[in-house]
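*Asks:* See target.csv below, with CSV, C-alpha atoms.
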```
chain,number,residue,atom,x,y,z
A,271,MET,CA,19.2,79.6,-328.5
A,272,ARG,CA,21.0,82.5,-326.8
A,273,ARG,CA,19.2,81.7,-323.6
A,274,TYR,CA,20.4,78.1,-323.7
A,275,THR,CA,24.0,79.2,-324.4
A,276,MET,CA,23.9,81.5,-321.4
A,277,ALA,CA,22.4,78.8,-319.2
A,278,ALA,CA,25.2,76.4,-320.3
A,279,VAL,CA,27.8,79.0,-319.6
A,280,ILE,CA,26.4,79.7,-316.1
A,281,ALA,CA,26.1,76.0,-315.4
A,282,GLY,CA,29.7,75.5,-316.5
A,283,LEU,CA,30.8,78.4,-314.4
A,284,GLN,CA,29.0,76.9,-311.4
A,285,LEU,CA,30.6,73.5,-312.0
A,286,TRP,CA,34.0,75.2,-312.2
A,287,LEU,CA,33.5,77.1,-309.0
A,288,MET,CA,32.3,74.0,-307.3
A,289,SER,CA,35.2,71.9,-308.4
A,290,SER,CA,37.6,74.8,-307.5
A,291,ALA,CA,36.0,74.9,-304.0
A,292,ALA,CA,36.4,71.1,-303.7
A,293,LEU,CA,40.0,71.4,-304.8
A,294,ALA,CA,40.6,74.3,-302.4
A,295,GLN,CA,39.1,72.2,-299.6
A,296,GLU,CA,41.4,69.2,-300.3
A,297,ALA,CA,44.5,71.3,-301.0
A,298,GLY,CA,46.4,71.7,-297.7
A,299,TRP,CA,44.4,69.1,-295.8
A,300,LYS,CA,45.6,65.6,-295.9
A,301,PRO,CA,44.5,62.3,-294.3
A,302,CYS,CA,46.5,60.9,-291.4
A,303,PRO,CA,48.7,57.9,-292.3
A,304,ARG,CA,46.2,55.4,-291.2
A,305,CYS,CA,43.2,57.4,-292.5
A,306,GLN,CA,44.6,57.2,-296.0
A,307,THR,CA,42.7,54.8,-298.2
A,308,SER,CA,44.6,52.4,-300.5
A,309,ALA,CA,43.5,54.5,-303.5
A,310,GLN,CA,44.8,57.7,-301.9
A,311,ARG,CA,48.0,56.0,-301.0
A,312,ALA,CA,48.5,54.7,-304.5
A,313,ALA,CA,47.9,58.2,-306.0
A,314,ALA,CA,50.2,59.9,-303.4
A,315,THR,CA,53.1,57.5,-303.8
A,316,LYS,CA,53.0,56.9,-307.6
A,317,ASN,CA,56.2,59.0,-308.2
A,318,ASP,CA,58.0,58.1,-305.0
A,319,LYS,CA,59.9,55.0,-306.2
A,320,ASP,CA,62.3,56.9,-308.6
A,321,HIS,CA,62.2,60.2,-306.8
A,322,SER,CA,65.6,61.7,-306.1
A,323,PHE,CA,66.6,62.3,-302.4
A,324,TYR,CA,69.2,63.8,-300.2
A,325,ALA,CA,70.5,61.2,-297.7
A,326,HIS,CA,70.7,63.7,-294.8
A,327,ASP,CA,67.1,64.9,-295.2
A,328,LEU,CA,64.8,62.8,-293.0
A,329,ILE,CA,62.0,65.3,-293.0
A,330,GLY,CA,58.7,63.8,-293.6
A,331,ILE,CA,56.2,61.3,-292.2
A,332,TRP,CA,57.3,57.7,-292.0
A,333,GLY,CA,55.3,54.6,-291.6
A,334,ARG,CA,51.8,53.9,-290.2
A,335,GLN,CA,52.8,51.7,-287.3
A,336,GLY,CA,56.4,51.7,-286.3
A,337,ILE,CA,59.4,49.5,-285.8
A,338,ALA,CA,58.5,46.2,-284.1
A,339,LEU,CA,60.9,44.8,-281.5
A,340,SER,CA,62.7,41.7,-282.7
A,341,ASP,CA,61.2,38.4,-281.6
A,342,GLU,CA,64.6,37.4,-280.4
A,343,VAL,CA,64.2,38.6,-276.9
A,344,PRO,CA,67.5,38.3,-275.0
A,345,PRO,CA,67.6,36.2,-271.9
A,346,MET,CA,66.4,38.1,-268.8
A,347,THR,CA,68.3,38.6,-265.6
A,348,GLU,CA,66.6,37.5,-262.3
A,349,TRP,CA,65.7,41.1,-261.7
A,350,GLY,CA,64.3,41.4,-265.3
A,351,LYS,CA,62.2,38.2,-264.9
A,352,ALA,CA,60.7,39.4,-261.7
A,353,LYS,CA,59.7,42.7,-263.2
A,354,TYR,CA,58.3,40.9,-266.3
A,355,GLU,CA,56.1,38.7,-264.1
A,356,THR,CA,54.4,41.8,-262.8
A,357,ALA,CA,53.1,42.7,-266.3
A,358,LYS,CA,49.7,41.5,-267.4
A,359,PRO,CA,49.7,42.3,-271.1
A,360,GLY,CA,46.7,42.3,-273.4
A,361,MET,CA,48.5,40.5,-276.2
A,362,GLY,CA,51.1,37.9,-276.8
A,363,PRO,CA,51.5,34.5,-275.2
A,364,ARG,CA,50.8,35.9,-271.8
A,365,ALA,CA,47.7,37.9,-272.8
A,366,VAL,CA,44.9,38.2,-270.3
A,367,PRO,CA,41.7,40.2,-270.3
A,368,LEU,CA,41.8,43.4,-268.2
A,369,GLY,CA,45.5,43.5,-267.7
A,370,ASN,CA,47.7,46.3,-266.4
A,371,ASP,CA,49.2,47.7,-269.6
A,372,PRO,CA,50.0,51.4,-268.7
A,373,MET,CA,48.5,52.6,-272.0
A,374,MET,CA,45.1,51.5,-270.9
A,375,ILE,CA,45.0,54.4,-268.4
A,376,CYS,CA,46.7,56.8,-270.7
A,377,ASP,CA,50.2,56.6,-269.1
A,378,PRO,CA,52.9,57.7,-271.5
A,379,LEU,CA,54.1,54.9,-273.7
A,380,GLY,CA,57.7,55.9,-273.1
A,381,PHE,CA,60.7,55.2,-275.4
A,382,PRO,CA,61.3,53.0,-277.3
A,383,ARG,CA,57.6,51.9,-277.2
A,384,TRP,CA,56.7,55.1,-279.0
A,385,LEU,CA,59.0,54.0,-281.8
A,386,ASN,CA,57.2,50.7,-282.3
A,387,TYR,CA,53.7,51.9,-281.9
A,388,ASN,CA,53.0,55.4,-283.2
A,389,TYR,CA,50.5,55.5,-286.1
A,390,GLY,CA,53.2,57.4,-288.1
A,391,MET,CA,56.3,59.3,-287.1
A,392,GLU,CA,57.5,62.6,-288.4
A,393,PHE,CA,61.0,64.1,-288.5
A,394,ALA,CA,61.5,67.9,-288.4
A,395,ASN,CA,64.6,70.0,-287.9
A,396,LEU,CA,65.2,73.0,-285.7
A,397,PRO,CA,68.6,74.6,-285.1
A,398,GLY,CA,70.6,72.3,-282.9
A,399,ARG,CA,68.0,69.6,-282.6
A,400,THR,CA,65.9,67.1,-284.6
A,401,ILE,CA,62.3,66.6,-283.5
A,402,GLN,CA,60.5,63.3,-283.7
A,403,PHE,CA,56.7,63.6,-283.6
A,404,PHE,CA,54.6,60.6,-282.9
A,405,GLU,CA,50.9,60.6,-283.8
A,406,THR,CA,50.0,58.2,-281.0
A,407,TYR,CA,49.3,60.4,-278.1
A,408,HIS,CA,50.5,63.5,-280.0
A,409,THR,CA,54.0,63.4,-278.6
A,410,PHE,CA,57.3,64.9,-279.6
A,411,ARG,CA,60.8,63.9,-278.7
A,412,SER,CA,63.9,66.1,-278.9
A,413,ILE,CA,67.1,64.7,-280.3
A,414,TRP,CA,69.8,67.3,-279.6
A,415,THR,CA,72.3,67.7,-282.4
A,416,ASP,CA,74.2,70.7,-281.0
A,417,GLY,CA,77.1,68.7,-279.7
A,418,ARG,CA,76.1,68.2,-276.1
A,419,SER,CA,76.8,65.0,-274.3
A,420,LEU,CA,74.3,62.7,-272.6
A,421,PRO,CA,73.7,63.7,-268.9
A,422,LYS,CA,75.8,61.8,-266.4
A,423,ASP,CA,73.1,61.5,-263.7
A,424,PRO,CA,69.8,62.1,-265.4
A,425,GLU,CA,66.5,62.6,-263.8
A,426,PRO,CA,64.4,59.8,-265.3
A,427,ARG,CA,62.1,60.8,-268.2
A,428,TRP,CA,59.5,58.8,-270.2
A,429,LEU,CA,61.4,59.6,-273.4
A,430,GLY,CA,64.8,59.9,-271.8
A,431,TYR,CA,67.5,62.3,-273.1
A,432,SER,CA,68.7,62.0,-276.7
A,433,ILE,CA,71.6,63.2,-278.7
A,434,GLY,CA,72.1,62.7,-282.5
A,435,LYS,CA,74.8,63.1,-285.1
A,436,TRP,CA,75.5,62.1,-288.6
A,437,ASP,CA,78.0,59.3,-289.4
A,438,GLY,CA,78.3,59.3,-293.2
A,439,ASP,CA,74.7,58.9,-294.4
A,440,THR,CA,73.5,57.4,-291.1
A,441,PHE,CA,71.8,59.5,-288.4
A,442,ILE,CA,72.8,58.1,-285.1
A,443,VAL,CA,70.8,58.7,-281.9
A,444,ASP,CA,72.0,57.7,-278.4
A,445,SER,CA,69.7,58.0,-275.3
A,446,ASN,CA,69.7,57.4,-271.6
A,447,GLY,CA,67.8,58.5,-268.5
A,448,PHE,CA,64.6,56.5,-268.9
A,449,ASP,CA,61.7,56.2,-266.5
A,450,ASP,CA,61.3,52.5,-265.8
A,451,ARG,CA,57.5,52.6,-265.4
A,452,SER,CA,57.1,52.3,-269.2
A,453,TRP,CA,56.8,49.0,-271.0
A,454,LEU,CA,58.9,48.2,-274.1
A,455,ASP,CA,56.0,46.7,-276.0
A,456,THR,CA,52.4,45.4,-275.8
A,457,GLN,CA,53.6,42.0,-274.6
A,458,GLY,CA,54.8,43.5,-271.3
A,459,HIS,CA,58.6,43.4,-271.8
A,460,GLN,CA,60.3,45.6,-269.2
A,461,HIS,CA,63.3,47.7,-268.7
A,462,SER,CA,65.2,49.5,-266.0
A,463,ASP,CA,66.2,53.1,-265.5
A,464,GLU,CA,69.7,52.0,-266.5
A,465,MET,CA,68.6,51.2,-270.0
A,466,THR,CA,70.4,53.0,-272.9
A,467,THR,CA,69.3,52.9,-276.5
A,468,HIS,CA,71.2,53.3,-279.8
A,469,GLU,CA,69.3,54.1,-283.0
A,470,THR,CA,70.4,54.4,-286.6
A,471,TYR,CA,68.3,55.9,-289.4
A,472,ARG,CA,69.5,55.6,-293.0
A,473,ARG,CA,67.6,56.6,-296.0
A,474,LEU,CA,67.7,53.8,-298.5
A,475,SER,CA,65.7,55.6,-301.1
A,476,TYR,CA,63.3,58.5,-301.3
A,477,ASP,CA,60.5,56.5,-299.8
A,478,ARG,CA,62.3,53.9,-297.6
A,479,LEU,CA,64.1,54.5,-294.2
A,480,GLU,CA,66.1,51.8,-292.6
A,481,VAL,CA,65.9,51.9,-288.8
A,482,THR,CA,67.8,49.9,-286.2
A,483,LEU,CA,67.3,50.0,-282.5
A,484,THR,CA,69.6,48.5,-279.9
A,485,ILE,CA,68.4,48.3,-276.3
A,486,ASP,CA,71.2,47.9,-273.8
A,487,ASP,CA,70.0,47.2,-270.3
A,488,PRO,CA,72.3,44.8,-268.4
A,489,LYS,CA,70.1,45.1,-265.3
A,490,THR,CA,67.1,43.5,-267.2
A,491,TYR,CA,68.7,41.5,-270.1
A,492,THR,CA,71.9,39.6,-270.3
A,493,LYS,CA,72.7,41.0,-273.8
A,494,PRO,CA,71.6,43.8,-276.0
A,495,TRP,CA,68.2,43.5,-277.8
A,496,VAL,CA,68.7,44.5,-281.4
A,497,SER,CA,65.7,45.2,-283.7
A,498,LYS,CA,65.7,46.3,-287.3
A,499,GLY,CA,63.0,47.4,-289.8
A,500,THR,CA,62.2,49.7,-292.7
A,501,LEU,CA,59.7,52.5,-292.7
A,502,ASN,CA,58.0,53.7,-295.9
A,503,LEU,CA,57.5,57.4,-296.5
A,504,SER,CA,53.9,58.2,-295.9
A,505,SER,CA,53.4,60.6,-298.8
A,506,GLY,CA,50.2,62.6,-299.0
A,507,THR,CA,49.5,62.5,-295.2
A,508,GLU,CA,49.8,64.6,-292.2
A,509,LEU,CA,49.8,63.5,-288.6
A,510,ALA,CA,46.4,63.6,-286.9
A,511,GLU,CA,45.6,64.8,-283.4
A,512,TYR,CA,45.5,61.5,-281.4
A,513,PHE,CA,45.5,62.3,-277.7
A,514,CYS,CA,44.9,59.6,-275.1
A,515,VAL,CA,41.9,61.2,-273.3
A,516,PRO,CA,41.4,59.7,-269.8
A,517,SER,CA,37.7,60.3,-269.9
A,518,GLU,CA,37.4,58.5,-273.3
A,519,GLU,CA,39.5,55.6,-272.1
A,520,ALA,CA,37.3,55.3,-269.0
A,521,THR,CA,34.1,55.3,-271.1
A,522,TYR,CA,35.6,52.7,-273.5
A,523,LYS,CA,36.6,50.6,-270.5
A,524,LYS,CA,33.1,50.6,-269.1
A,525,ASN,CA,31.3,50.1,-272.4
A,526,VAL,CA,33.6,47.7,-274.2
A,527,ARG,CA,36.6,46.3,-272.3
A,528,ASP,CA,34.8,45.4,-269.1
A,529,ARG,CA,31.7,44.3,-270.8
A,530,ALA,CA,33.7,41.8,-273.0
A,531,ALA,CA,35.6,40.4,-270.0
A,532,LYS,CA,33.4,40.5,-266.9
A,533,PRO,CA,30.6,38.0,-266.5
A,534,SER,CA,28.7,40.4,-264.2
A,535,THR,CA,28.2,43.1,-266.9
A,536,PRO,CA,25.2,42.8,-269.2
B,207,MET,CA,54.6,38.0,-312.5
B,208,ASP,CA,56.3,40.8,-310.7
B,209,ARG,CA,53.0,42.6,-310.5
B,210,ILE,CA,51.3,39.6,-309.0
B,211,ARG,CA,54.1,39.3,-306.5
B,212,SER,CA,53.8,43.0,-305.6
B,213,LEU,CA,50.1,42.7,-305.2
B,214,VAL,CA,50.4,39.7,-302.9
B,215,LEU,CA,53.1,41.4,-300.8
B,216,CYS,CA,50.9,44.5,-300.7
B,217,LEU,CA,47.9,42.5,-299.5
B,218,ILE,CA,50.0,40.8,-296.9
B,219,ALA,CA,51.4,44.1,-295.7
B,220,ILE,CA,47.8,45.6,-295.4
B,221,ALA,CA,46.7,42.5,-293.5
B,222,LEU,CA,49.6,42.8,-291.1
B,223,VAL,CA,49.0,46.5,-290.6
B,224,SER,CA,45.4,45.9,-289.8
B,225,LEU,CA,46.1,43.1,-287.3
B,226,PRO,CA,47.4,44.9,-284.3
B,227,ALA,CA,44.4,47.3,-284.1
B,228,LEU,CA,42.6,45.8,-281.1
B,229,ALA,CA,44.8,44.1,-278.6
B,230,HIS,CA,46.8,47.2,-277.6
B,231,HIS,CA,43.9,48.2,-275.6
B,232,GLY,CA,43.4,44.9,-273.9
B,233,SER,CA,40.1,43.8,-275.4
B,234,GLY,CA,41.2,41.6,-278.3
B,235,VAL,CA,42.0,38.6,-276.1
B,236,SER,CA,38.4,38.6,-274.8
B,237,TYR,CA,36.7,37.7,-278.2
B,238,GLU,CA,36.3,34.6,-280.2
B,239,THR,CA,38.2,34.5,-283.4
B,240,LYS,CA,36.6,31.8,-285.5
B,241,LEU,CA,33.7,32.4,-287.9
B,242,ASP,CA,31.7,29.4,-286.5
B,243,LYS,CA,31.4,31.2,-283.2
B,244,ALA,CA,29.9,34.3,-284.9
B,245,VAL,CA,26.5,35.5,-283.9
B,246,THR,CA,24.1,37.6,-286.1
B,247,MET,CA,21.4,39.8,-284.8
B,248,LYS,CA,19.3,42.8,-285.8
B,249,GLY,CA,19.6,45.8,-283.6
B,250,THR,CA,18.7,49.4,-283.2
B,251,VAL,CA,21.6,51.7,-282.6
B,252,THR,CA,21.5,53.9,-279.5
B,253,GLN,CA,25.1,55.1,-279.6
B,254,PHE,CA,27.8,55.4,-282.2
B,255,VAL,CA,31.0,56.3,-280.4
B,256,TRP,CA,33.5,57.7,-282.9
B,257,ARG,CA,36.4,58.0,-280.5
B,258,ASN,CA,39.9,56.7,-279.7
B,259,PRO,CA,41.0,54.2,-278.8
B,260,HIS,CA,38.3,52.3,-280.7
B,261,VAL,CA,35.1,53.1,-282.4
B,262,TYR,CA,32.1,51.1,-281.0
B,263,ILE,CA,28.4,50.8,-281.3
B,264,ILE,CA,25.8,50.3,-278.6
B,265,TYR,CA,22.6,48.9,-279.8
B,266,ASN,CA,19.4,47.2,-278.5
B,267,VAL,CA,18.2,43.8,-279.5
B,268,LYS,CA,14.8,42.2,-278.7
B,269,ASP,CA,15.1,38.6,-277.6
B,270,ALA,CA,12.5,35.9,-278.1
B,271,ASN,CA,10.5,37.1,-275.1
B,272,ASP,CA,10.5,40.7,-276.4
B,273,ASN,CA,13.0,41.7,-273.7
B,274,VAL,CA,15.5,44.4,-274.8
B,275,VAL,CA,19.1,43.4,-274.5
B,276,GLU,CA,21.8,46.0,-274.9
B,277,TRP,CA,24.9,44.9,-276.9
B,278,SER,CA,28.2,46.6,-277.7
B,279,ALA,CA,30.1,46.0,-280.9
B,280,GLU,CA,33.8,47.1,-281.0
B,281,THR,CA,35.8,48.0,-284.1
B,282,SER,CA,39.2,49.6,-284.6
B,283,SER,CA,40.5,53.2,-284.2
B,284,PRO,CA,38.7,56.0,-286.1
B,285,SER,CA,41.7,56.4,-288.4
B,286,THR,CA,41.9,52.6,-289.2
B,287,MET,CA,38.1,52.5,-289.8
B,288,THR,CA,38.5,55.5,-292.2
B,289,GLY,CA,41.5,54.2,-294.1
B,290,ASN,CA,40.5,50.6,-294.3
B,291,HIS,CA,36.7,50.8,-294.5
B,292,ASN,CA,35.9,54.4,-295.5
B,293,TRP,CA,33.9,55.0,-292.4
B,294,THR,CA,33.3,58.5,-291.0
B,295,ARG,CA,31.7,59.8,-287.9
B,296,THR,CA,28.4,59.8,-289.7
B,297,THR,CA,28.4,56.3,-291.1
B,298,ILE,CA,26.1,55.1,-288.4
B,299,LYS,CA,23.5,57.1,-286.4
B,300,PRO,CA,21.4,56.5,-283.4
B,301,GLY,CA,18.1,54.9,-284.6
B,302,ASP,CA,19.7,53.0,-287.5
B,303,GLU,CA,18.5,49.4,-287.8
B,304,ILE,CA,21.5,47.3,-288.6
B,305,THR,CA,22.1,43.6,-288.9
B,306,PHE,CA,25.3,42.9,-286.9
B,307,THR,CA,27.5,39.9,-287.1
B,308,LEU,CA,29.9,39.7,-284.2
B,309,LEU,CA,32.6,37.5,-282.9
B,310,PRO,CA,31.3,37.5,-279.4
B,311,SER,CA,33.1,37.6,-276.1
B,312,LYS,CA,34.4,34.3,-274.8
B,313,ILE,CA,32.3,34.6,-271.6
B,314,ALA,CA,29.1,35.1,-273.6
B,315,SER,CA,28.4,38.6,-272.4
B,316,ALA,CA,26.4,40.9,-274.7
B,317,ALA,CA,29.6,42.2,-276.4
B,318,GLY,CA,31.6,41.3,-279.4
B,319,ILE,CA,34.0,42.5,-282.0
B,320,LEU,CA,32.2,43.6,-285.2
B,321,TYR,CA,32.8,41.4,-288.2
B,322,LYS,CA,30.0,42.4,-290.5
B,323,ALA,CA,27.3,45.2,-290.5
B,324,VAL,CA,24.5,45.5,-293.0
B,325,ALA,CA,22.2,48.5,-293.1
B,326,ALA,CA,18.4,48.2,-293.4
B,327,ASP,CA,18.5,49.0,-297.1
B,328,GLY,CA,21.0,46.2,-297.7
B,329,THR,CA,24.1,48.4,-297.8
B,330,VAL,CA,27.1,46.5,-296.5
B,331,LEU,CA,28.7,48.9,-294.0
B,332,LEU,CA,31.5,46.5,-293.0
B,333,ASP,CA,32.8,43.1,-294.0
B,334,ASP,CA,36.1,42.8,-292.1
B,335,LYS,CA,37.7,39.5,-292.7
B,336,SER,CA,40.8,40.5,-290.8
B,337,ARG,CA,38.9,39.6,-287.7
B,338,LEU,CA,39.1,35.9,-288.5
B,339,ARG,CA,42.5,35.2,-287.2
B,340,GLY,CA,42.0,32.0,-285.3
B,341,ASP,CA,44.8,32.8,-282.9
B,342,PRO,CA,44.3,35.7,-280.5
B,343,THR,CA,48.0,35.8,-279.6
B,344,VAL,CA,48.9,37.1,-283.0
B,345,GLU,CA,46.8,40.2,-282.8
```
In structure tokens, what does this structure look like?
*Replies:*
Amino acid sequence: MRRYTMAAVIAGLQLWLMSSAALAQEAGWKPCPRCQTSAQRAAATKNDKDHSFYAHDLIGIWGRQGIALSDEVPPMTEWGKAKYETAKPGMGPRAVPLGNDPMMICDPLGFPRWLNYNYGMEFANLPGRTIQFFETYHTFRSIWTDGRSLPKDPEPRWLGYSIGKWDGDTFIVDSNGFDDRSWLDTQGHQHSDEMTTHETYRRLSYDRLEVTLTIDDPKTYTKPWVSKGTLNLSSGTELAEYFCVPSEEATYKKNVRDRAAKPSTP
Amino acid sequence: MDRIRSLVLCLIAIALVSLPALAHHGSGVSYETKLDKAVTMKGTVTQFVWRNPHVYIIYNVKDANDNVVEWSAETSSPSTMTGNHNWTRTTIKPGDEITFTLLPSKIASAAGILYKAVAADGTVLLDDKSRLRGDPTVE
């Protein structure tokens, strides 16, 4: 009897140690926003709805996809139309196989494309700036909040130059200085290096963030392009390491993309 | 009633989130999208590539004359396959015999997007109805 009791105690101890190890393994390591299963999501967000929040605190991971550009594309200028015609996108009404979307060769997505395609976006604060991390291609963007102005004659950058400030409970971001090689979206919409963007972020509740994006680019569009959306807090997640690896893209192109589109391949 | 509405909205949201997975990398437009175009075949896996931008499987199929034809079956990103289908980097291994159902390429090459995969023991590894969209422009 005593032997059975001891065996039961040892078995119980082993189970406890195993479960502790399992818990220790899970604690601190979380799935990425898209890796999270629906059950994990339900468990992680069950208390989010009525959770208190501070409107000026945007820290956290938001969304699993991004803010889509509005379907109401403004009319293009002649310059804008000509540039748009050079794009051969992989989706949308002009989709063709084996197009020339820059992302297919790991070129930077640029801004604001990173805002509409990111697999999850995380805000973090440093003194004098807010950082926006994007899981897609493991990229960060600096939004300077130290009172500086936008540069007058900026050297073009994929993400441009950005400054931010609070207006009431809305975080406002203005940017300029964009490299015009990036596309605005997967449908091949274009922009010029004269584009400026204006974003607003307003926390509607603990788990919902309202985002607006205004693209102003008179060289390409005859009026501003305004988009709006809401991102959900991606509780219980952490951003993954998603690099665009040129060698992996090349292998994927050879084994998948080309094979699906070229008659000459097996 | 509110619960049902929430469930429906949730399902629609999940479907919308899963839709854009392919076309960003330029292959989605190459595949059929209707179930009546699907092809089913039994193959032996030679490569299971668990990498961005999309997970894919290379496998061999014997045709009626015993010739071996190499096929590729594309899925979504590793993270999407994990979150939506519980796949991991070890879900499929070289040597596995799997019955694949693909929506094949429009040019009838030996390539397709994976719709359904069933292991030799009958385990359903994938049954991805989001592939049946009918309109490649909405991917």
*Asks:* Point out the residue among A:Leu396, A:Cys305, A:Val343, A:Ile329 with the least atom-to-atom distance to chain B, counting all atoms listed in the file.
*Replies:* A:Cys305
*Asks:* In the coordinates of the file, take the point (56.4, 64.6, -278.0) and a cut-off of 12 Å; then, counting all atoms listed in the file, name each qualifying protein, DNA or RNA residue as an MDAnalysis selection string.
*Replies:* chainID A and resid 378:381 384:385 388 391:393 400:413 427:430 512:513
*Asks:* One number please: atom CA of A:Val366 to atom CA of A:Pro382, in Å, one decimal.
*Replies:*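 It comes out at 23.2 Å.
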*Asks:* Residues of chain A were defined as contacting chain B if any atom lay at most 9 Å from it, counting only C-alpha atoms; please report them as a ChimeraX atom specification.
*Replies:* /A:301-308,334-335,359-371,373-374,456,510,512-515,518-519,522,525-536
*Asks:* Do a neighbour search on B:Phe306 at 8 Å with only C-alpha atoms, toss out local chain neighbours closer than 5 positions, and write the hits as a PDB file with C-alpha atoms, in the frame of the given file.
*Replies:*
```pdb
ATOM      1  CA  THR B 246      24.100  37.600-286.100  1.00  0.00           C
ATOM      2  CA  MET B 247      21.400  39.800-284.800  1.00  0.00           C
ATOM      3  CA  LYS B 248      19.300  42.800-285.800  1.00  0.00           C
ATOM      4  CA  GLY B 249      19.600  45.800-283.600  1.00  0.00           C
ATOM      5  CA  LEU B 320      32.200  43.600-285.200  1.00  0.00           C
ATOM      6  CA  TYR B 321      32.800  41.400-288.200  1.00  0.00           C
ATOM      7  CA  LYS B 322      30.000  42.400-290.500  1.00  0.00           C
ATOM      8  CA  ALA B 323      27.300  45.200-290.500  1.00  0.00           C
ATOM      9  CA  VAL B 324      24.500  45.500-293.000  1.00  0.00           C
TER      10      VAL B 324
END
```
*Asks:* Quick one: residues within 8 Å of B:Ala244, all atoms listed in the file, excluding same-chain residues fewer than 4 positions away - as a PyMOL selection string?
*Replies:* chain B and resi 238+240+307-310
*Asks:* Between A:His326, A:Pro345, A:Asn502, A:Gly390, which has the minimum distance to A:Lys435 (counting all atoms listed in the file)?
*Replies:*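 Of all the options, A:His326 lies closest to A:Lys435.
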*Asks:* Quick one: distance from atom CA of A:Ser475 to atom CA of A:Asn395 in Å, one decimal?
*Replies:* 19.6 Å
*Asks:* In Å, rounded to a single decimal, give me how far atom CA of A:Trp495 is from atom CA of A:Asp449.
*Replies:*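 Computing it gives 18.2 Å between the two atoms.
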*Asks:* From the list A:His459, A:Lys523, A:Arg383, A:Arg418, which residue is nearest A:Lys358 when using all atoms listed in the file?
*Replies:*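 Under the stated criterion, the closest residue is A:His459.
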*Asks:* Given the choices A:Ala394, A:Ala313, A:Ile331, A:Leu339, which gets closest to A:Arg478 if the distance is worked out from all atoms listed in the file?
*Replies:* A:Ile331
*Asks:* Which residue, A:Val496, A:Leu479, A:Leu474, A:Leu501, has the smallest gap to A:Gly333 when you use all atoms listed in the file?
*Replies:*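 Comparing A:Val496, A:Leu479, A:Leu474, A:Leu501 against A:Gly333, the winner is A:Leu501.
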*Asks:* Write out as a VMD selection string which residues come within 10 Å of A:Ala352 when counting all atoms listed in the file, dropping same-chain ones fewer than 6 positions away.
*Replies:* chain A and resid 346 460 490
*Asks:* Put those residues in a file: C-alpha atoms, as a tab-separated table (two decimals), keeping the file's coordinate frame.
*Replies:*
```
chain	number	residue	atom	x	y	z
A	346	MET	CA	66.40	38.10	-268.80
A	460	GLN	CA	60.30	45.60	-269.20
A	490	THR	CA	67.10	43.50	-267.20
```
*Asks:* Could you check which of A:Gly438, A:Pro372, A:Pro344, A:Pro421 is closest to A:Ala357, using only C-alpha atoms?
*Replies:*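 Closest residue, counting only C-alpha atoms: A:Pro372.
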*Asks:* Write out as a ChimeraX atom specification which residues come within 6 Å of A:Thr470 when counting all atoms listed in the file, dropping same-chain ones fewer than 6 positions away.
*Replies:* /A:441-442,481-482
